[in-house]
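Asks: Provided below: my_file-v8.txt, containing compact mmCIF, C-alpha atoms.
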```txt
# COMPACT_ATOMS: atom_id res chain seq x y z
CA MET R 1 -30.96 26.92 -10.19
CA TYR R 2 -30.77 23.27 -11.07
CA ASN R 3 -28.40 22.45 -13.89
CA GLY R 4 -27.57 26.13 -14.04
CA GLY R 5 -24.35 25.65 -15.94
CA LYS R 6 -25.99 23.65 -18.69
CA ILE R 7 -28.87 26.09 -18.99
CA ILE R 8 -26.58 29.10 -19.19
CA ILE R 9 -24.37 27.42 -21.77
CA GLY R 10 -27.46 26.42 -23.70
CA LEU R 11 -28.83 29.94 -23.56
CA LEU R 12 -25.51 31.33 -24.74
CA ILE R 13 -25.42 28.90 -27.68
CA PHE R 14 -29.02 29.78 -28.50
CA ALA R 15 -28.31 33.52 -28.36
CA ALA R 16 -25.23 33.07 -30.53
CA LEU R 17 -27.19 31.10 -33.11
CA VAL R 18 -30.08 33.56 -33.19
CA THR R 19 -27.81 36.54 -33.55
CA SER R 20 -25.38 34.80 -35.89
CA PRO R 21 -26.63 36.66 -39.00
CA PHE R 22 -25.68 39.91 -37.34
CA TRP R 23 -22.19 38.65 -36.43
CA THR R 24 -21.48 37.11 -39.79
CA ASN R 25 -22.63 40.21 -41.64
CA ALA R 26 -21.12 42.72 -39.25
CA GLY R 27 -18.75 45.08 -41.01
CA ARG R 28 -19.55 43.66 -44.42
CA LYS R 29 -20.06 46.41 -46.93
CA VAL R 30 -23.27 46.07 -48.88
CA ASP R 31 -23.77 48.71 -51.50
CA VAL R 32 -27.02 50.57 -51.45
CA PRO R 33 -28.76 49.63 -54.66
CA GLU R 34 -28.81 52.23 -57.37
CA PRO R 35 -31.52 51.39 -59.84
CA LYS R 36 -30.45 52.44 -63.30
CA VAL R 37 -32.59 54.98 -65.11
CA ASP R 38 -30.41 55.23 -68.18
CA THR R 39 -32.38 53.29 -70.77
CA PRO R 40 -32.52 54.83 -74.24
CA ALA R 41 -36.25 55.50 -73.83
CA ILE R 42 -35.68 57.47 -70.63
CA LYS R 43 -32.77 59.38 -72.15
CA GLU R 44 -34.87 60.37 -75.13
CA ALA R 45 -37.70 61.48 -72.89
CA GLN R 46 -35.25 63.54 -70.83
CA ALA R 47 -33.99 65.19 -73.98
CA ALA R 48 -37.49 65.79 -75.28
CA LEU R 49 -38.81 67.28 -72.05
CA GLY R 50 -35.59 69.05 -71.17
CA LYS R 51 -35.43 67.83 -67.61
CA LYS R 52 -34.12 64.98 -65.56
CA GLU R 53 -37.27 63.61 -63.97
CA VAL R 54 -39.53 62.29 -66.68
CA CYS R 55 -41.38 59.50 -64.88
CA VAL R 56 -45.15 59.64 -64.37
CA GLU R 57 -44.61 61.25 -60.97
CA PRO R 58 -41.62 62.81 -59.19
CA ARG R 59 -38.82 60.45 -58.27
CA SER R 60 -39.28 61.05 -54.56
CA PHE R 61 -42.89 59.89 -54.78
CA MET R 62 -42.19 56.97 -57.08
CA ARG R 63 -39.42 55.69 -54.83
CA GLY R 64 -41.74 55.31 -51.85
CA GLY R 65 -45.13 55.11 -53.46
CA HIS R 66 -44.84 53.22 -56.73
CA MET R 67 -46.61 50.22 -55.26
CA GLN R 68 -49.62 52.29 -54.22
CA LEU R 69 -49.65 53.97 -57.60
CA LEU R 70 -49.52 50.62 -59.35
CA ASN R 71 -52.42 49.38 -57.25
CA GLN R 72 -54.45 52.49 -58.06
CA TRP R 73 -53.57 52.12 -61.72
CA ARG R 74 -54.66 48.50 -61.72
CA ASP R 75 -57.99 49.17 -60.05
CA SER R 76 -58.70 52.20 -62.19
CA ALA R 77 -57.88 50.54 -65.51
CA LEU R 78 -59.32 47.11 -64.81
CA ARG R 79 -62.36 47.81 -62.72
CA GLN R 80 -63.45 51.25 -63.90
CA GLY R 81 -62.10 51.22 -67.44
CA LYS R 82 -60.25 54.47 -66.74
CA ARG R 83 -57.03 53.73 -68.52
CA VAL R 84 -55.67 57.24 -68.93
CA TYR R 85 -53.69 58.75 -66.09
CA THR R 86 -53.17 62.50 -65.86
CA ASN R 87 -50.28 63.24 -63.56
CA SER R 88 -49.66 66.21 -61.31
CA GLU R 89 -48.05 68.07 -64.23
CA GLY R 90 -50.96 67.44 -66.56
CA ARG R 91 -49.14 64.92 -68.75
CA THR R 92 -51.18 61.87 -69.68
CA PHE R 93 -50.20 58.22 -69.72
CA ASN R 94 -51.71 54.97 -70.83
CA ILE R 95 -52.12 52.87 -67.70
CA SER R 96 -50.23 49.69 -68.44
CA LEU R 97 -47.39 47.97 -66.66
CA GLN R 98 -46.16 46.15 -69.75
CA ASN R 99 -46.83 48.85 -72.32
CA THR R 100 -46.02 52.00 -70.39
CA CYS R 101 -43.87 51.38 -67.31
CA MET R 102 -41.66 48.73 -68.84
CA LYS R 103 -41.28 50.49 -72.18
CA CYS R 104 -39.19 53.10 -70.36
CA HIS R 105 -37.84 50.81 -67.66
CA SER R 106 -36.84 48.15 -70.13
CA ASN R 107 -34.00 47.22 -67.79
CA LYS R 108 -35.93 45.19 -65.23
CA LYS R 109 -32.76 43.51 -63.91
CA ASN R 110 -31.03 46.80 -63.27
CA PHE R 111 -34.13 48.66 -62.14
CA CYS R 112 -36.89 46.66 -60.46
CA ASP R 113 -34.74 43.79 -59.29
CA LYS R 114 -32.01 46.01 -57.89
CA CYS R 115 -34.05 47.24 -54.92
CA HIS R 116 -36.42 44.32 -54.70
CA ASN R 117 -33.55 41.88 -54.28
CA TYR R 118 -31.78 44.17 -51.84
CA LEU R 119 -34.89 44.37 -49.69
CA ALA R 120 -35.78 40.70 -50.22
CA VAL R 121 -39.21 41.45 -51.60
CA SER R 122 -40.50 39.37 -54.47
CA PRO R 123 -43.58 40.92 -56.04
CA TYR R 124 -45.38 38.44 -58.28
CA CYS R 125 -45.93 40.88 -61.17
CA TRP R 126 -43.97 38.71 -63.57
CA ASP R 127 -45.96 35.55 -62.99
CA CYS R 128 -48.43 37.02 -65.47
CA HIS R 129 -46.98 40.21 -66.90
CA ILE R 130 -44.31 39.63 -69.47
CA ALA R 131 -41.01 41.22 -68.55
CA PRO R 132 -39.09 43.03 -71.26
CA LYS R 133 -36.54 40.98 -73.16
CA GLU R 134 -33.21 42.11 -71.81
CA GLU R 135 -30.69 39.77 -73.34
CA GLU R 136 -31.79 40.92 -76.75
CA ARG R 137 -32.07 44.52 -75.76
CA ALA R 138 -28.38 45.33 -75.82
CA PRO R 139 -27.87 44.87 -79.57
CA ALA R 140 -31.31 46.33 -80.28
CA VAL R 141 -30.26 49.56 -78.62
CA ALA R 142 -27.59 50.13 -81.21
CA ALA R 143 -30.10 49.52 -83.98
CA GLY R 144 -32.47 51.95 -82.32
CA SER R 145 -35.50 50.68 -84.16
CA GLU R 146 -37.06 48.90 -81.20
CA MET R 147 -36.82 51.83 -78.87
CA ALA R 148 -38.37 54.45 -81.12
CA PRO R 149 -42.04 53.90 -80.21
CA ALA R 150 -41.14 53.39 -76.57
CA ALA R 151 -39.41 56.71 -76.45
CA ALA R 152 -42.60 58.48 -77.34
CA ALA R 153 -44.40 56.92 -74.41
CA PRO R 154 -43.63 59.31 -71.59
CA GLU R 155 -44.61 62.62 -73.14
CA GLU R 156 -47.84 61.72 -74.86
CA ALA R 157 -50.91 59.64 -74.23
CA LYS R 158 -49.98 56.35 -75.80
CA LEU R 159 -53.23 54.52 -75.99
CA MET J 1 -49.71 55.03 -7.05
CA LYS J 2 -52.27 57.46 -5.81
CA ILE J 3 -53.98 59.77 -8.19
CA ASN J 4 -56.50 62.50 -7.51
CA ARG J 5 -59.31 63.64 -9.77
CA ARG J 6 -57.50 66.76 -10.96
CA ASP J 7 -54.39 64.85 -12.04
CA PHE J 8 -56.46 62.19 -13.71
CA ILE J 9 -58.41 64.73 -15.79
CA ARG J 10 -55.21 66.59 -16.67
CA MET J 11 -53.51 63.39 -17.84
CA ALA J 12 -56.55 62.31 -19.78
CA GLY J 13 -56.68 65.71 -21.48
CA ILE J 14 -53.00 65.67 -22.43
CA THR J 15 -53.32 62.11 -23.72
CA ALA J 16 -56.35 63.02 -25.81
CA VAL J 17 -54.62 66.04 -27.35
CA ALA J 18 -51.49 64.00 -28.08
CA GLY J 19 -53.56 61.20 -29.56
CA LEU J 20 -55.59 63.47 -31.81
CA THR J 21 -52.68 65.50 -33.12
CA GLY J 22 -50.57 62.36 -33.40
CA ALA J 23 -53.24 60.74 -35.56
CA GLY J 24 -53.33 63.85 -37.72
CA THR J 25 -49.58 63.82 -38.16
CA ILE J 26 -49.56 60.15 -39.08
CA ALA J 27 -52.38 60.68 -41.56
CA ARG J 28 -50.48 63.57 -43.12
CA LEU J 29 -47.31 61.53 -43.38
CA LYS J 30 -49.18 58.54 -44.74
CA GLY J 31 -51.16 60.57 -47.24
CA ASN J 32 -49.07 59.41 -50.12
CA SER J 33 -51.59 60.46 -52.71
CA LEU J 34 -50.94 63.15 -55.26
CA GLU J 35 -52.92 66.20 -56.09
CA ALA J 36 -54.15 66.75 -59.61
CA ALA J 37 -53.75 63.09 -60.48
CA ASP J 38 -56.75 62.08 -62.52
CA TYR J 39 -58.07 58.91 -64.10
CA THR J 40 -60.17 58.98 -67.23
CA PRO J 41 -61.34 56.49 -69.84
CA PRO J 42 -59.53 56.66 -73.19
CA ALA J 43 -61.21 59.12 -75.56
CA GLU J 44 -61.30 56.71 -78.48
CA ALA J 45 -62.89 53.85 -76.51
CA LEU J 46 -66.02 52.28 -77.94
CA LYS J 47 -68.91 52.84 -75.58
CA ALA J 48 -72.16 50.96 -75.08
CA LYS J 49 -74.73 50.34 -72.40
CA HIS J 50 -74.82 46.62 -73.00
CA TRP J 51 -72.46 44.90 -75.39
CA GLY J 52 -73.80 41.85 -77.16
CA MET J 53 -73.22 39.59 -80.12
CA VAL J 54 -75.25 37.85 -82.78
CA ILE J 55 -73.62 34.77 -84.28
CA ASP J 56 -74.97 33.53 -87.60
CA VAL J 57 -74.10 29.84 -87.45
CA SER J 58 -74.87 29.30 -91.14
CA LYS J 59 -71.89 31.48 -92.00
CA ILE J 60 -69.47 29.41 -89.93
CA ALA J 61 -69.35 26.19 -91.87
CA THR J 62 -65.95 24.54 -91.96
CA PRO J 63 -63.55 23.56 -89.19
CA GLU J 64 -61.16 26.13 -90.67
CA ASP J 65 -63.73 28.84 -89.93
CA TYR J 66 -63.80 27.91 -86.25
CA GLN J 67 -60.07 27.56 -86.11
CA ARG J 68 -59.55 30.96 -87.71
CA MET J 69 -61.63 32.69 -85.04
CA MET J 70 -60.18 30.63 -82.21
CA ASP J 71 -56.64 31.40 -83.32
CA ALA J 72 -57.52 35.06 -83.77
CA CYS J 73 -58.51 35.11 -80.09
CA HIS J 74 -56.20 32.63 -78.42
CA ILE J 75 -52.88 33.64 -79.93
CA PRO J 76 -52.98 37.40 -79.18
CA HIS J 77 -54.39 36.73 -75.73
CA ASN J 78 -51.57 34.34 -74.87
CA VAL J 79 -53.94 31.45 -74.23
CA PRO J 80 -51.78 28.36 -73.70
CA GLY J 81 -52.22 25.20 -75.73
CA PHE J 82 -52.12 22.22 -73.40
CA ASP J 83 -51.86 18.80 -74.98
CA ASN J 84 -53.96 17.19 -72.23
CA PRO J 85 -57.67 18.05 -72.66
CA LYS J 86 -58.06 18.06 -68.88
CA ASP J 87 -55.80 21.11 -68.69
CA GLU J 88 -57.40 22.85 -71.65
CA ILE J 89 -57.82 26.63 -71.54
CA LYS J 90 -60.41 28.02 -73.90
CA TRP J 91 -61.88 31.46 -74.44
CA ILE J 92 -63.77 30.62 -77.62
CA TRP J 93 -64.36 27.15 -78.96
CA ALA J 94 -66.70 24.93 -80.98
CA ASP J 95 -69.20 22.51 -79.49
CA THR J 96 -71.97 20.19 -80.68
CA TYR J 97 -75.65 21.11 -80.98
CA GLU J 98 -76.50 18.94 -77.97
CA HIS J 99 -73.99 20.72 -75.82
CA THR J 100 -74.72 24.19 -77.13
CA PHE J 101 -78.50 24.01 -76.95
CA PRO J 102 -79.20 21.08 -74.61
CA GLY J 103 -82.78 19.84 -74.50
CA MET J 104 -83.57 21.23 -77.92
CA GLU J 105 -82.37 18.22 -79.89
CA HIS J 106 -84.80 15.58 -81.13
CA PRO J 107 -84.39 12.37 -83.09
CA TYR J 108 -85.77 13.69 -86.38
CA MET J 109 -83.89 16.94 -86.58
CA ASN J 110 -81.92 18.07 -89.56
CA PRO J 111 -78.71 15.98 -89.51
CA GLU J 112 -76.77 18.97 -90.72
CA PHE J 113 -77.45 20.78 -87.46
CA LYS J 114 -77.14 17.67 -85.35
CA GLU J 115 -73.59 17.14 -86.56
CA LYS J 116 -72.63 20.75 -86.88
CA ASN J 117 -70.39 22.53 -84.44
CA PHE J 118 -71.39 25.83 -82.92
CA LEU J 119 -69.11 28.65 -81.95
CA VAL J 120 -69.39 29.27 -78.21
CA LEU J 121 -67.78 31.70 -75.81
CA CYS J 122 -68.54 33.47 -72.56
CA ASN J 123 -72.12 34.76 -72.77
CA HIS J 124 -71.46 37.91 -70.75
CA CYS J 125 -74.74 37.33 -68.98
CA GLU J 126 -77.03 40.04 -67.70
CA LYS J 127 -77.17 38.20 -64.38
CA PRO J 128 -73.88 36.35 -64.31
CA ALA J 129 -73.81 33.43 -61.92
CA CYS J 130 -70.02 33.55 -61.83
CA VAL J 131 -70.08 37.09 -60.43
CA ARG J 132 -72.55 36.13 -57.72
CA VAL J 133 -70.41 33.33 -56.38
CA CYS J 134 -66.97 34.92 -56.60
CA PRO J 135 -65.81 35.39 -53.01
CA THR J 136 -63.19 38.03 -53.83
CA LYS J 137 -65.01 40.02 -56.51
CA ALA J 138 -62.28 39.00 -58.91
CA THR J 139 -65.03 38.45 -61.46
CA PHE J 140 -67.28 41.42 -61.93
CA LYS J 141 -69.66 42.92 -64.43
CA ARG J 142 -68.73 46.24 -65.96
CA ALA J 143 -71.24 49.02 -66.55
CA ASP J 144 -71.24 48.12 -70.24
CA GLY J 145 -72.35 44.55 -69.51
CA ILE J 146 -69.01 42.85 -70.01
CA VAL J 147 -68.14 40.23 -67.43
CA VAL J 148 -64.43 40.34 -66.80
CA MET J 149 -61.86 39.16 -64.32
CA ASP J 150 -59.24 40.83 -62.23
CA TYR J 151 -56.69 38.03 -62.15
CA HIS J 152 -54.83 39.78 -59.35
CA ARG J 153 -57.71 38.95 -57.05
CA CYS J 154 -58.47 35.42 -58.23
CA ILE J 155 -57.72 32.90 -55.50
CA GLY J 156 -58.44 29.90 -57.71
CA CYS J 157 -61.45 28.64 -55.75
CA ARG J 158 -63.24 27.74 -59.02
CA PHE J 159 -66.69 28.60 -57.64
CA CYS J 160 -67.24 30.53 -60.88
CA MET J 161 -66.50 27.43 -62.90
CA ALA J 162 -69.09 25.49 -60.95
CA ALA J 163 -71.58 28.33 -61.31
CA CYS J 164 -71.15 29.03 -65.02
CA PRO J 165 -73.70 26.93 -66.93
CA PHE J 166 -71.82 27.40 -70.19
CA GLY J 167 -68.42 26.03 -69.28
CA ALA J 168 -66.90 29.30 -70.36
CA ARG J 169 -64.23 29.31 -67.70
CA SER J 170 -60.95 27.50 -67.57
CA PHE J 171 -58.62 26.92 -64.68
CA ASN J 172 -54.87 27.05 -64.94
CA TRP J 173 -53.90 23.76 -63.37
CA ARG J 174 -50.35 24.20 -64.57
CA ASP J 175 -48.06 27.10 -65.28
CA PRO J 176 -49.28 28.26 -68.70
CA ARG J 177 -46.05 29.98 -69.74
CA PRO J 178 -44.24 26.93 -71.17
CA PHE J 179 -47.31 26.13 -73.25
CA ILE J 180 -47.47 29.48 -75.00
CA ASN J 181 -45.62 29.62 -78.27
CA GLU J 182 -42.67 31.85 -77.42
CA ALA J 183 -42.38 33.25 -80.93
CA ALA J 184 -46.08 34.07 -81.27
CA MET J 185 -46.42 35.41 -77.73
CA ASN J 186 -48.07 38.81 -77.57
CA ARG J 187 -45.69 40.84 -75.44
CA GLU J 188 -48.19 43.67 -75.14
CA TYR J 189 -50.63 41.45 -73.24
CA PRO J 190 -50.11 39.52 -70.02
CA THR J 191 -50.34 35.78 -69.59
CA ARG J 192 -52.07 34.18 -66.65
CA THR J 193 -50.46 32.21 -63.88
CA LYS J 194 -50.99 28.85 -62.27
CA GLY J 195 -54.02 28.83 -59.99
CA VAL J 196 -56.24 31.42 -61.63
CA VAL J 197 -59.36 31.06 -63.72
CA GLU J 198 -59.60 32.79 -67.08
CA LYS J 199 -62.14 33.38 -69.81
CA CYS J 200 -63.19 35.53 -72.75
CA THR J 201 -63.04 39.27 -72.05
CA PHE J 202 -65.04 40.52 -75.06
CA CYS J 203 -61.66 42.08 -75.94
CA VAL J 204 -62.04 44.95 -73.47
CA GLU J 205 -58.45 45.94 -74.20
CA ARG J 206 -59.42 46.43 -77.85
CA LEU J 207 -62.68 48.24 -77.14
CA GLU J 208 -60.60 50.73 -75.18
CA LYS J 209 -58.63 51.44 -78.34
CA GLY J 210 -61.76 51.78 -80.44
CA GLU J 211 -61.45 48.32 -82.01
CA ILE J 212 -64.00 45.52 -82.18
CA PRO J 213 -63.32 42.06 -80.70
CA LEU J 214 -60.91 39.85 -82.58
CA CYS J 215 -63.38 37.02 -83.26
CA VAL J 216 -65.81 39.53 -84.79
CA GLU J 217 -63.07 40.99 -86.92
CA LYS J 218 -62.09 37.57 -88.23
CA SER J 219 -65.65 36.25 -88.65
CA ASN J 220 -66.21 37.56 -92.21
CA GLY J 221 -69.56 38.91 -91.12
CA ALA J 222 -70.74 35.84 -89.23
CA ILE J 223 -70.63 37.72 -85.93
CA VAL J 224 -72.17 41.12 -85.36
CA PHE J 225 -71.13 43.00 -82.26
CA GLY J 226 -72.99 45.98 -80.87
CA ASP J 227 -75.00 47.74 -78.21
CA LEU J 228 -78.10 45.80 -77.20
CA GLU J 229 -79.58 48.88 -75.56
CA ASP J 230 -79.30 51.06 -78.62
CA PRO J 231 -82.53 50.50 -80.62
CA ASP J 232 -80.90 51.79 -83.81
CA SER J 233 -77.87 49.52 -83.67
CA GLU J 234 -77.24 46.87 -86.29
CA ILE J 235 -77.48 44.14 -83.69
CA ARG J 236 -80.93 45.31 -82.62
CA ASN J 237 -82.08 45.43 -86.22
CA ILE J 238 -81.01 41.82 -86.65
CA LEU J 239 -82.66 40.75 -83.41
CA ALA J 240 -85.86 42.53 -84.41
CA SER J 241 -86.01 41.04 -87.89
CA THR J 242 -84.61 37.54 -87.45
CA TYR J 243 -85.46 34.58 -85.25
CA THR J 244 -82.63 34.22 -82.76
CA ILE J 245 -82.06 31.98 -79.78
CA ARG J 246 -79.85 32.10 -76.73
CA ARG J 247 -78.14 29.29 -74.89
CA LYS J 248 -79.97 27.86 -71.86
CA PRO J 249 -82.39 30.79 -71.46
CA GLU J 250 -84.36 28.82 -68.89
CA LEU J 251 -81.56 29.33 -66.36
CA GLY J 252 -82.29 33.04 -66.28
CA THR J 253 -78.72 34.27 -66.59
CA GLY J 254 -79.65 36.34 -69.63
CA PRO J 255 -76.87 35.63 -72.12
CA SER J 256 -75.78 38.51 -74.33
CA ILE J 257 -74.85 36.16 -77.19
CA TYR J 258 -77.64 35.45 -79.67
CA TYR J 259 -77.60 32.77 -82.36
CA VAL J 260 -79.16 32.93 -85.80
CA ILE J 261 -79.64 29.27 -86.67
CA GLY J 262 -81.31 29.30 -90.08
CA GLY J 263 -79.22 32.00 -91.66
CA GLY J 264 -80.97 33.43 -94.67
CA GLY J 265 -79.17 36.67 -95.30
CA HIS J 266 -80.51 38.67 -92.40
CA VAL J 267 -77.10 39.03 -90.91
CA ARG J 268 -74.92 41.31 -92.96
CA GLU J 269 -72.96 39.77 -95.78
CA SER J 270 -69.48 40.83 -94.84
CA ALA J 271 -67.73 42.59 -92.02
```
For the structure just supplied, provide its representation as structure tokens.
Replies:
Amino acid sequence: MYNGGKIIIGLLIFAALVTSPFWTNAGRKVDVPEPKVDTPAIKEAQAALGKKEVCVEPRSFMRGGHMQLLNQWRDSALRQGKRVYTNSEGRTFNISLQNTCMKCHSNKKNFCDKCHNYLAVSPYCWDCHIAPKEEERAPAVAAGSEMAPAAAAPEEAKL
Amino acid sequence: MKINRRDFIRMAGITAVAGLTGAGTIARLKGNSLEAADYTPPAEALKAKHWGMVIDVSKIATPEDYQRMMDACHIPHNVPGFDNPKDEIKWIWADTYEHTFPGMEHPYMNPEFKEKNFLVLCNHCEKPACVRVCPTKATFKRADGIVVMDYHRCIGCRFCMAACPFGARSFNWRDPRPFINEAAMNREYPTRTKGVVEKCTFCVERLEKGEIPLCVEKSNGAIVFGDLEDPDSEIRNILASTYTIRRKPELGTGPSIYYVIGGGGHVRESA
């Protein structure tokens, strides 16, 4: 091999550079994200329904399939005008990201962003949809007035 | 490698069985849909076969009248207010006689009409040119005649803007968010984003709740909204008893917005 030494050294440098993210991150502890489902609206729904899982579908499904569900919701509501969703338990929901999903999950930063940032995905929902106000949420929780209508959302058809 | 017929058939058979069952397993794993999940329209939604409007222009006299209806639409729908007219986004606006009914002006016409402004919006055409040209089906016509957009699908090609003969569509050249009044922003309704086209929706989100469009509500009886296919509807009574015109009928798009020009009390007095 001509210039073998240089090529091998070059290859080694190349391999080191390409794999450098693995070396630099090796052994570093990165916590698995735990999206928070402790908003007042969710707590009230849990109390009202007397169970832990109060989302539109079971947690196991939502964790892996919320994006498909959101797509189905969008197409159903927008294109067919079918804006009421009846879930596998028979509970009904108004199909709306801003007015249903985010009324419960009013903690976008501690819910949506937790996993999305961890997995480096950046869905463009919020280019158009208005995210809940979070800075102002903390004091509003104590007042309780803002959360009252939102709390009713999960157990009844809020249309 | 040598292979005889028997081995070949055996291998092919095993591969086929593995492939078929494998596909079934993958389909079962992938089948992320849920049983008993159902989608229905809201019970209280207003229903029609063909929504339409009659606008009595004699009842919309002052600039404040136009502004009232425009604000009633634009503010709750988070329509941005750009200072540069080139960036303007409009769902409902006022335009001159010449622009509203081109070709129908003449030098001796009533100066009142010549100088008057007319309330214009998306015509929700029977044969919408914008729907025909949309390459992604982002713009589509609903079963009730309303032409709406799925902004998720809009790629910003602006074919619809070129196709629409009424100028009813606006393109977001810039990010609209900074140009929406933060305090007045309707947090129950989305905004749009840079690079999509938008237009009047006939307030589909309100029809779903059993409410009439905002401009109709704020028109003090100047606009009547109803089902064009229901012969007993108020709108059909007006169309049957009053002389009405549509914008650019010669283009064959079949607008669903009708104009009463002369007025004369045929349109109801108040909302």
Asks: Could you tell me how far CA of Pro33 (chain R) sits from CA of Asn117 (chain R), in Å to one decimal place?
Replies: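 Distance between the two atoms: 9.1 Å.
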Asks: Which polymer residues, whether protein, DNA or RNA, lie within 10 Å of the coordinate (-48.0, 40.6, -74.9) when you count all atoms listed in the file? List them as a PyMOL selection string, using the chain letters and numbers from the file.
Replies: (chain R and resi 98-99+129-132) or (chain J and resi 75-78+184-191)
Asks: Output C-alpha atoms of each residue in that selection to a file, as a short mmCIF file (atom, residue, chain, number, x, y, z; two decimals), in the coordinates of the input.
Replies:
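After the write, again.cif holds the following:
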```cif
data_model
loop_
_atom_site.label_atom_id
_atom_site.label_comp_id
_atom_site.auth_asym_id
_atom_site.auth_seq_id
_atom_site.Cartn_x
_atom_site.Cartn_y
_atom_site.Cartn_z
CA GLN R 98 -46.16 46.15 -69.75
CA ASN R 99 -46.83 48.85 -72.32
CA HIS R 129 -46.98 40.21 -66.90
CA ILE R 130 -44.31 39.63 -69.47
CA ALA R 131 -41.01 41.22 -68.55
CA PRO R 132 -39.09 43.03 -71.26
CA ILE J 75 -52.88 33.64 -79.93
CA PRO J 76 -52.98 37.40 -79.18
CA HIS J 77 -54.39 36.73 -75.73
CA ASN J 78 -51.57 34.34 -74.87
CA ALA J 184 -46.08 34.07 -81.27
CA MET J 185 -46.42 35.41 -77.73
CA ASN J 186 -48.07 38.81 -77.57
CA ARG J 187 -45.69 40.84 -75.44
CA GLU J 188 -48.19 43.67 -75.14
CA TYR J 189 -50.63 41.45 -73.24
CA PRO J 190 -50.11 39.52 -70.02
CA THR J 191 -50.34 35.78 -69.59
#
```
Asks: To one decimal in Å, tell me the separation between CA of Met53 (chain J) and CA of Asn220 (chain J).
Replies: 14.1 Å
Asks: Residues of chain R no more than 6 Å from chain J, counting all atoms listed in the file: send them over as a VMD selection string.
Replies: chain R and resid 81 to 88 127 to 130
Asks: Would you write out those residues with C-alpha atoms, as a CSV table (one decimal), in the coordinates of the input?
Replies:
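Result written to again_29.csv:
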```
chain,number,residue,atom,x,y,z
R,81,GLY,CA,-62.1,51.2,-67.4
R,82,LYS,CA,-60.2,54.5,-66.7
R,83,ARG,CA,-57.0,53.7,-68.5
R,84,VAL,CA,-55.7,57.2,-68.9
R,85,TYR,CA,-53.7,58.8,-66.1
R,86,THR,CA,-53.2,62.5,-65.9
R,87,ASN,CA,-50.3,63.2,-63.6
R,88,SER,CA,-49.7,66.2,-61.3
R,127,ASP,CA,-46.0,35.6,-63.0
R,128,CYS,CA,-48.4,37.0,-65.5
R,129,HIS,CA,-47.0,40.2,-66.9
R,130,ILE,CA,-44.3,39.6,-69.5
```
Asks: Excluding same-chain residues fewer than 2 positions from region 234-241 of chain J, what lies within 8 Å of it counting all atoms listed in the file, as a ChimeraX atom specification?
Replies: /J:52-54,224-228,230-232,243-244,266-267
Asks: Considering all atoms listed in the file, can you say which of R:Lys103, R:Trp73, R:Arg63, R:Val56 comes closest to Gly90 (chain R)?
Replies: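 That would be R:Val56, the residue with the smallest distance to Gly90 (chain R).
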Asks: Would you mind reading off the distance between CA of Ser58 (chain J) and CA of Gly262 (chain J), one decimal, in Å?
Replies: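 Pair CA of Ser58 (chain J) / CA of Gly262 (chain J) returns 6.5 Å.
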Asks: R:Met62, R:Cys125, R:Ala41, R:Leu78: which is nearest Thr100 (chain R), counting only C-alpha atoms?
Replies: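 So, comparing all the options, the nearest one is R:Ala41.
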Asks: Do you know which residues are at most 9 Å from region 84-91 of chain J counting all atoms listed in the file, after dropping those on the same chain fewer than 6 positions away, and could you put them as a PDB file with C-alpha atoms, in the coordinates of the input?
Replies:
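Once everything was written out, this is selection-v7.pdb:
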```pdb
ATOM      1  CA  MET J  70     -60.180  30.630 -82.210  1.00  0.00           C
ATOM      2  CA  CYS J  73     -58.510  35.110 -80.090  1.00  0.00           C
ATOM      3  CA  HIS J  74     -56.200  32.630 -78.420  1.00  0.00           C
ATOM      4  CA  VAL J 120     -69.390  29.270 -78.210  1.00  0.00           C
ATOM      5  CA  LEU J 121     -67.780  31.700 -75.810  1.00  0.00           C
ATOM      6  CA  CYS J 122     -68.540  33.470 -72.560  1.00  0.00           C
ATOM      7  CA  ALA J 168     -66.900  29.300 -70.360  1.00  0.00           C
ATOM      8  CA  ARG J 169     -64.230  29.310 -67.700  1.00  0.00           C
ATOM      9  CA  SER J 170     -60.950  27.500 -67.570  1.00  0.00           C
ATOM     10  CA  PHE J 171     -58.620  26.920 -64.680  1.00  0.00           C
ATOM     11  CA  ASN J 172     -54.870  27.050 -64.940  1.00  0.00           C
ATOM     12  CA  TRP J 173     -53.900  23.760 -63.370  1.00  0.00           C
ATOM     13  CA  ARG J 174     -50.350  24.200 -64.570  1.00  0.00           C
ATOM     14  CA  GLU J 198     -59.600  32.790 -67.080  1.00  0.00           C
ATOM     15  CA  LYS J 199     -62.140  33.380 -69.810  1.00  0.00           C
ATOM     16  CA  CYS J 200     -63.190  35.530 -72.750  1.00  0.00           C
ATOM     17  CA  THR J 201     -63.040  39.270 -72.050  1.00  0.00           C
TER      18      THR J 201
END
```
Asks: Which residue is closest to Glu89 (chain R)? Choose from R:Gly10, R:Gly27, R:Tyr2, R:Glu57 and count only C-alpha atoms.
Replies: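 Closest to Glu89 (chain R), using only C-alpha atoms: R:Glu57.
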